[in-house]
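Visitor: Below is one structure. I have some questions about it.
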Amino acid sequence: MFDYESMRIIWWLLLGVLLTGFAIMDGFDLGVALLLPFVARKDIERRVVINTVGPVWEGNQVWIILGAGAIFAAWPIIYAVSFSGFYLAMLIVLLGFILRPVGFKYRSKMPSTRWRSNWDKILFIAGLLPSLIFGVALGNVLQGVPFFFDDSLRVFYTGTLWGLLNPFALLCGLVSVCMLAMHGASFLATKTEGIVRQRAIQYGRIAAILMLVLFMLAGVWVAKGLNGFVVDSIVDHAGPSNPLHKAVSMMSGGWMTNYHLNPLLWIAPLLVVVAVIGQLLCLGRGQSKWGFVFSSLAIVGVISTFGLSLFPFLLPSSSHPSMSLLVWDASSSLLTLRIMLVCTVIFMPIILLYTSWVYRVMRGRVTADSIESDSQNKY
């Protein structure tokens with residue numbers, strides 16, 4: 001099969017695919033929750049919005065399980081450092097993921113206006129928290145995370161939760177929020193009709209414009225002011241994983257190195273710009289399905305830009321740059337990567353086929369009439 005170097009690249013690509021799958025599939029769920037207070041003013045309108053994602057939101061969360069599982073098995077050191085360093089931030093994300101199913105299940109249990117209004121607020125918070133924190137986490141990865149290893153490879157994280165909430169990370173968090181709101185609006189435009197659909201299109205276009213402006217601002221910040229990381233010493237691409245055997249330096253604009261070496265990488269950020277413009281045009285013309293395709297492509301472009309800028313780094317260390325984790329020194333053994341690849345080749349098509357079947361069965365728009373005619377079985 002593939003050699004060690006190739007397997008590391010394959011799993012770096014697969015990690016990007018899984019993160020992109022999560023952002024696209026579960027992203028519109030979060031985006032719908034973000035837009036709930038804005039696109040739906042009446043109770044029946046809110047029920048319509050909630051029921052657009054009601055049949056699929058649980059299945060969409062499979063992608064985050066796959067992503068976390070892949071990090072644990074393919075990049076165990078990354079899993080250890082990130083989940084310990086971002087522990088409190090991950091608890092906030094977990095809180096959002098706990099509140100969301102509770103909100104879906106309990107909102108319609110009582111007819112009280114106050115009861116339902118409170119659960120609607122909880123659903124909004126459950127969409128906002130993960131959307132913001134995921135972006136903040138990626139922003140901190142670009143800046144580097146304060147951690148180091150001792151001689152026995154025990155990891156020590158020296159940062160705090162408040163340290164994660166720095167200006168650049170919050171900017172990335174806002175990019176994430178606007179991106180998922182844009183994506184959720186595109187989904188709502190395909191699944192609703194009438195005034196809810198009109199509002200979704202309106203807010204989707206606002207979110208798209210904000211996302212593009214903030215993305216470009218973050219790009220200028222990365223290119224002109226943010227310290228990036230550069231590998232100074234040659235790393236054995238096919239050697240055993242050991243993050244202590246290299247030299248890394250920090251420099252302003254360091255993340256632009258890959259783009260200088262290979263101008264074709266500019267396709268990724270360019271895809272974001274083209275996709276957002278395409279989404280704006282499609283929503284303006286009422287072509288909601290194509291709008292959803294373009295918002296998905298924008299997500300692909302954002303995550304690709306992040307990954308390509310970072311490569312070969314997976315998690316830089318701001319306090320001890322030479323202890324940063326690379327694709328070449330943070331992976332599992334060759335045997336583990338090969339076994340996981342076989343499992344992925346077998347089970348990933350099954351997941352994709354099942355997901356396609358579910359969306360085909362659940363196709364069509366959700367209307368107020370369909371909610372009222374089957375009120376007992378709808379959220």
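In the structure tokens, chains take letters A, B, ... by order of appearance, with residues numbered from 1 within each chain and ligands from 1 in the order shown.
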For A:Pro312, please output as a PyMOL selection string all residues within 9 Å (counting only C-alpha atoms; exclusion window: fewer than 5 positions along the same chain).
Guide: chain A and resi 231+307+325-328
Visitor: Show which residues sit within 6 Å of stretch 60-71 of chain A, as a PDB file with C-alpha atoms, in the first residue's frame. Count only C-alpha atoms, and ignore same-chain residues fewer than 2 positions away.
Guide:
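The file below, selection-v2.pdb, is the result:
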ATOM      1  CA  LEU A  18     -14.289  15.399   7.544  1.00  0.00           C
ATOM      2  CA  PHE A  22     -19.178  18.713   9.344  1.00  0.00           C
ATOM      3  CA  MET A  25     -23.852  19.197   6.909  1.00  0.00           C
ATOM      4  CA  ASP A  26     -24.140  20.324  10.529  1.00  0.00           C
ATOM      5  CA  TRP A  57     -29.982  17.367  12.523  1.00  0.00           C
ATOM      6  CA  GLU A  58     -29.162  14.246  14.551  1.00  0.00           C
ATOM      7  CA  ALA A  73      -6.804   7.732  15.925  1.00  0.00           C
ATOM      8  CA  ALA A  74      -4.709   9.384  13.191  1.00  0.00           C
ATOM      9  CA  TRP A  75      -3.259  12.330  15.128  1.00  0.00           C
ATOM     10  CA  TYR A  79      -6.067  15.224  20.093  1.00  0.00           C
TER      11      TYR A  79
END
Visitor: Calculated over only C-alpha atoms, which of the candidates A:Gly16, A:Phe28, A:Gly144, A:Asn242 has the smallest distance to A:Val302?
Guide: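 Answer, going by the shortest atom-to-atom distance: A:Gly16.
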Visitor: Neighbours of A:Ser295 within 12 Å (only C-alpha atoms; same-chain residues fewer than 3 positions away dropped), as a count of residues only?
Guide: 46
Visitor: Looking at only C-alpha atoms, which of A:Arg41, A:Lys224, A:His237, A:Arg114 is the one that sits closest to A:Ala330?
Guide: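 So, comparing all the options, the nearest one is A:His237.
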Visitor: Find the residues near stretch 146-151 of chain A: any atom within 9 Å, counting only C-alpha atoms, skip ones fewer than 5 places away on the same chain, and give them as a list of chain:residue names.
Guide: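 These residues fall inside the cut-off: A:Val81, A:Gly85, A:Phe156, A:Tyr157, A:Thr158, A:Gly159, A:Pro243, A:Leu244, A:Pro316, A:Ser317, A:Ser318, A:Ser319, A:His320, A:Pro321, A:Met323, A:Ser324.
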Visitor: Got a sec: who's within 12 Å of A:Glu5, counting only C-alpha atoms, leaving out chain neighbours fewer than 5 positions off, as a list in words?
Guide: Ile10, Trp11, Trp12, Val235, Asp236, His237, Ala238, Gly239, Pro240, Ser241, Val327, Trp328, Asp329, Ser331, Ser332, Ser333, Leu334, Leu337 and Arg338 of chain A
Visitor: Would you mind telling me which residue in A:Val56, A:Leu270, A:Leu335, A:Val196 lies nearest to A:Lys42 when using only C-alpha atoms?
Guide: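 Closest to A:Lys42 of all the choices is A:Val196.
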Visitor: Looking at only C-alpha atoms, which of A:Gly194, A:Pro37, A:Pro76, A:Gly59 is the one that sits closest to A:Leu123?
Guide: A:Pro37
Visitor: Could you jot down the atom CA of A:Leu19 to atom CA of A:Phe134 separation for me, Å, one decimal place?
Guide: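 Spanning atom CA of A:Leu19 to atom CA of A:Phe134 is a straight-line distance of 10.9 Å.
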